[in-house]
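J.: Below is a structure I'd like to ask you about.
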Amino acid sequence: MTIDRRAVLTAALAGFLTLPLPRRALAASEVERVDDLIARMTIEEKAGQMTCLADSFRPYNPPNPQVGIQNEKQLADEIRKGRVGCLFNGIGVAGARRAQDIALKQSRLGIPLLFAGDVIHGLKTIFPVTLAESASFDPSLAERTARAMAVEATAAGLHLTFAPMVDVARDQRWGRVVEGAGEDVYLGSLFAAARVRGFQGRDLRRDDSLLACPKHFAAYGAVAGGLEYGSVDISDETLRETHLPPFGSAFAAGALTTMAAFSEINGVPATADRDLLTDTLRGEMKFRGFVFSDYTADEELIAHGYAEDERDATRLAILAGVDMSMQSGLYIRHIPDLVKSGAVPMETVDVAVRRILYVKTAIGLFENPYRSLNEEAERTRIFTPAHRALAREAATRSIVLLQNDGVLPLDPGKSQTIALIGPFGEDTMNVYGPWAFYGDKGKGVDIATGLRAAMPDPARLLIAPGSGILTPIDGGVAKAVETAKAADIVILALGESQDMSGEAQSRTAIELPIVQQALADAVAATGKPVIVLLRHGRALALHDGVANAQAVLATWFLGSESGHAIADILFGKENPSAKLPVSFPWESGQEPFFYDRKSTGRPVIDNRTEYRSRYTTTDNSARYPFGHGLSYSDFTLDQLKFSDTALRWDAAIGITVRVTNRGQRKGSEVVQLYIRDRVASRTRPIRELKRVERVTLAPGESRTLRFSLSRIDLEFVGAGNRRIAEPGAFDLWIGQSSVGGLQGAFTLYAQA
């Protein structure tokens, strides 16, 4: 096949210059510099720009301690030869300066290195895991925490973070649920854009701008059975309707890199999927940045059974559209020979290098190769009081009050004895959560410390772990029961360790470990009022002494200020307002479970009616539905009104609802608008979230909220992968979760 080199390069350049890079297009001189570099580069130097290796100048090896090049001297020699374009997962200005000095002063062309790292929910100041923060239903909060992370990460010598993860998570058995925004497409899209804006800031050339890398492209959250690194069997319509929109939102917000998924889609590993990475990503979605492989994912094409050997794996990945290979070293080893043999066109390599160099240009690396490498910033911008205050705020706004029989909030002025029972009461090793390996151990605030700081008489806090996380303590349950009996109220701190969520932590049962459940049941049998604090990175199926507690709170992994934030909620200093971004099932066996499922031809009427789409051994609803979350205030909705029940093709309708705080405390409520297309050419979900509005009200205060919907909001992916809206009747709900709410209806009319 004859390839028009000019046409290929023009296509690569065309759209890229229109992206909102540093809020301006690249200058002609910048384009000419890239052209000149590519013309002067050897094929080895081109392959080097396409190679990302673990940083041995400042090694921070987790989560992948077994790295290829572990010797700084050896890595320095590779940089001198122009065989490396990016280093990842090292922090510290001094080491980065040593590496950049070699690239600039000792390599033939002096092309600066890009420094990347996994800053997922914090560098030194650790914010709530992203799933927890998504429970705020407030993208502006995520934008603020991402901005703080960017300030710290760039002060530590990074240019790019491998975040946000924007995969829509449909199965809570999947460990990486913890890294994303949950199960909903709309909410996930809002948070994807917010986090990109926060990381990158207003100007990519500022030294505190951190490039975002939304991942994992695509449909990684749809792996069968929630099994990590597994396969995805999915229709084109579902791919485009459920899994691609958060990426589109992130790209629209200005993201210039993305990462291919480990998984395969319909029999083709994403790392070798040209339809996905070129036709869909760059054709349909108009993405003009560059694509990373995931960690050694190109090499893993061999184990997939898709590539014969390393050389074949390299060929498949580069032809598919993977521009930068992470850690395997395959590109530097095999691209030169592949080009020489004609198996990979030089033009394909040039396009990939051009994308990478444009991104380096966009962040100002050529003009200022030592940007984000400032010792003063490293001393003053990391783990600051302001960032810790923001971490505490984010944590309080991430805690979901799942149930409350009136035991909360605790009276901060009342002298009462509190028993803190469970393996997480004084635990500091699991407050951060997964993917926080830069955080300093021991600096996170545990629950006991937070409670003591909030109690009028800290001596009246009694502590008994009762059990380990997975193993019993000899006499632990008996001691816990004795402690509970001596207290006025019991706080049970139970859940997952941070190693039980995250990458490679798929689970068959999303329940509390047996020893913790036995502890909870024994404490519940004392008859004392029990408050359960769940620590977790996914939805959980709760049972017996936990499910029947007087109060249950989803406290996730809240980061540096965990204990203080939890105490703020328990003692009523802060009023809970978070909502679940994932559905909590009754049983693990209900997974995959998500609120926007289909009705089927035999929908569930009740749990007794046979020959329906139901499990016979459990309730077929959610124990706690998506969008659920209680408050210490009492919010009610009424006066649902439509500006018109007829939605014209090119118009919009307005919807209003009144929300009132009938409680005695100031509080915030997240009001949610859902729709259902009653009849369509492709069956539609029972509900779809389309709008959220957060409102803060004083006691007795009412406010009218206004929403607007247009035909665009009603579109879905139909035949030929086209987004369409079809005339007909739509149901609408405005409520406080994905269940119930005020109901109305409207009709979309055909184009006149």
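All residue names refer to the structure tokens as shown: chains lettered A, B, ... in order, residues numbered from 1 in each chain, ligands numbered from 1 in order.
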When you look at segment 355-368 of chain A with a cut-off of 7 Å (counting only C-alpha atoms), what residues show up, excluding the ones that are within fewer than 4 positions of it in the same chain? I need them as number ranges by chain.
T.: A: 21-22, 34, 112, 204-205, 256, 289-290, 351
J.: Go ahead and save the residues from that selection, with N, CA and C atoms, as an mmCIF file, in the first residue's frame.
T.:
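New file again14.cif:
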data_model
loop_
_atom_site.group_PDB
_atom_site.id
_atom_site.type_symbol
_atom_site.label_atom_id
_atom_site.label_comp_id
_atom_site.auth_asym_id
_atom_site.auth_seq_id
_atom_site.Cartn_x
_atom_site.Cartn_y
_atom_site.Cartn_z
ATOM 1 N N LEU A 21 -4.746 24.177 23.612
ATOM 2 C CA LEU A 21 -3.504 23.752 24.256
ATOM 3 C C LEU A 21 -3.173 24.680 25.421
ATOM 4 N N PRO A 22 -2.278 25.647 25.226
ATOM 5 C CA PRO A 22 -2.048 26.600 26.309
ATOM 6 C C PRO A 22 -2.971 27.793 26.143
ATOM 7 N N VAL A 34 9.562 21.584 15.474
ATOM 8 C CA VAL A 34 9.249 20.158 15.502
ATOM 9 C C VAL A 34 9.585 19.518 14.166
ATOM 10 N N PRO A 112 14.066 17.803 25.598
ATOM 11 C CA PRO A 112 13.806 17.621 27.033
ATOM 12 C C PRO A 112 12.935 16.400 27.314
ATOM 13 N N LEU A 204 -1.303 25.756 30.130
ATOM 14 C CA LEU A 204 -0.446 24.567 30.201
ATOM 15 C C LEU A 204 1.024 24.907 30.397
ATOM 16 N N ARG A 205 1.416 26.137 30.141
ATOM 17 C CA ARG A 205 2.829 26.507 30.252
ATOM 18 C C ARG A 205 3.219 26.987 31.650
ATOM 19 N N LEU A 256 -4.622 16.124 26.593
ATOM 20 C CA LEU A 256 -3.783 15.923 25.407
ATOM 21 C C LEU A 256 -3.124 14.551 25.357
ATOM 22 N N GLY A 289 -4.108 14.260 20.550
ATOM 23 C CA GLY A 289 -2.958 14.152 21.437
ATOM 24 C C GLY A 289 -2.231 12.846 21.197
ATOM 25 N N PHE A 290 -1.514 12.356 22.211
ATOM 26 C CA PHE A 290 -0.824 11.081 22.013
ATOM 27 C C PHE A 290 -1.296 10.043 23.018
ATOM 28 N N VAL A 351 4.453 10.442 12.622
ATOM 29 C CA VAL A 351 3.208 10.982 13.166
ATOM 30 C C VAL A 351 3.190 10.847 14.683
#
J.: Give me every alpha helix (DSSP H) residue in segment 99-254 of chain A, going by DSSP on the backbone, as a ChimeraX atom specification.
T.: /A:99-105,130-134,139-155,185-200,236-238,245-252
J.: Can you pull out every residue within 6 Å of segment 594-603 of chain A, counting only C-alpha atoms, but drop anything in the same chain fewer than 5 positions away, and send it as a PyMOL selection string?
T.: chain A and resi 612-613+685-688
J.: Residues as selected, N, CA, C and O atoms, written as a CSV table (one decimal), in the first residue's frame, can you do that?
T.:
chain,number,residue,atom,x,y,z
A,612,ARG,N,-40.4,-13.9,36.3
A,612,ARG,CA,-40.0,-12.5,36.1
A,612,ARG,C,-38.4,-12.5,36.1
A,612,ARG,O,-37.8,-13.4,36.6
A,613,SER,N,-37.9,-11.3,35.6
A,613,SER,CA,-36.4,-11.2,35.6
A,613,SER,C,-35.9,-10.9,37.0
A,613,SER,O,-35.7,-9.7,37.3
A,685,PRO,N,-32.8,2.4,29.2
A,685,PRO,CA,-32.7,2.1,30.6
A,685,PRO,C,-34.0,2.5,31.3
A,685,PRO,O,-34.7,3.4,30.8
A,686,ILE,N,-34.2,1.9,32.5
A,686,ILE,CA,-35.4,2.3,33.3
A,686,ILE,C,-35.3,3.7,33.8
A,686,ILE,O,-36.3,4.4,34.0
A,687,ARG,N,-34.1,4.2,34.0
A,687,ARG,CA,-33.9,5.6,34.3
A,687,ARG,C,-32.5,6.0,33.8
A,687,ARG,O,-31.5,5.2,33.8
A,688,GLU,N,-32.3,7.3,33.5
A,688,GLU,CA,-31.0,7.9,33.1
A,688,GLU,C,-30.9,9.2,33.8
A,688,GLU,O,-31.8,10.1,33.6
J.: Which of these, A:Ser583, A:Gln49, A:Asn661, A:Thr417, has the shortest distance to Val349 of chain A once you count only C-alpha atoms?
T.: A:Gln49
J.: Write out as a list in words which residues come within 10 Å of Asp713 of chain A when counting only C-alpha atoms, dropping same-chain ones fewer than 6 positions away.
T.: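 The residues that qualify are Ala652, Ile675, Lys690, Arg691 and Ala725 of chain A.
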J.: What's around segment 475-486 of chain A at 6 Å? Count only C-alpha atoms, leave out sequence neighbours fewer than 4 positions away in its own chain, and write the answer as JSON, numbers by chain.
T.: {"A": [419, 464, 466, 467, 519, 523]}
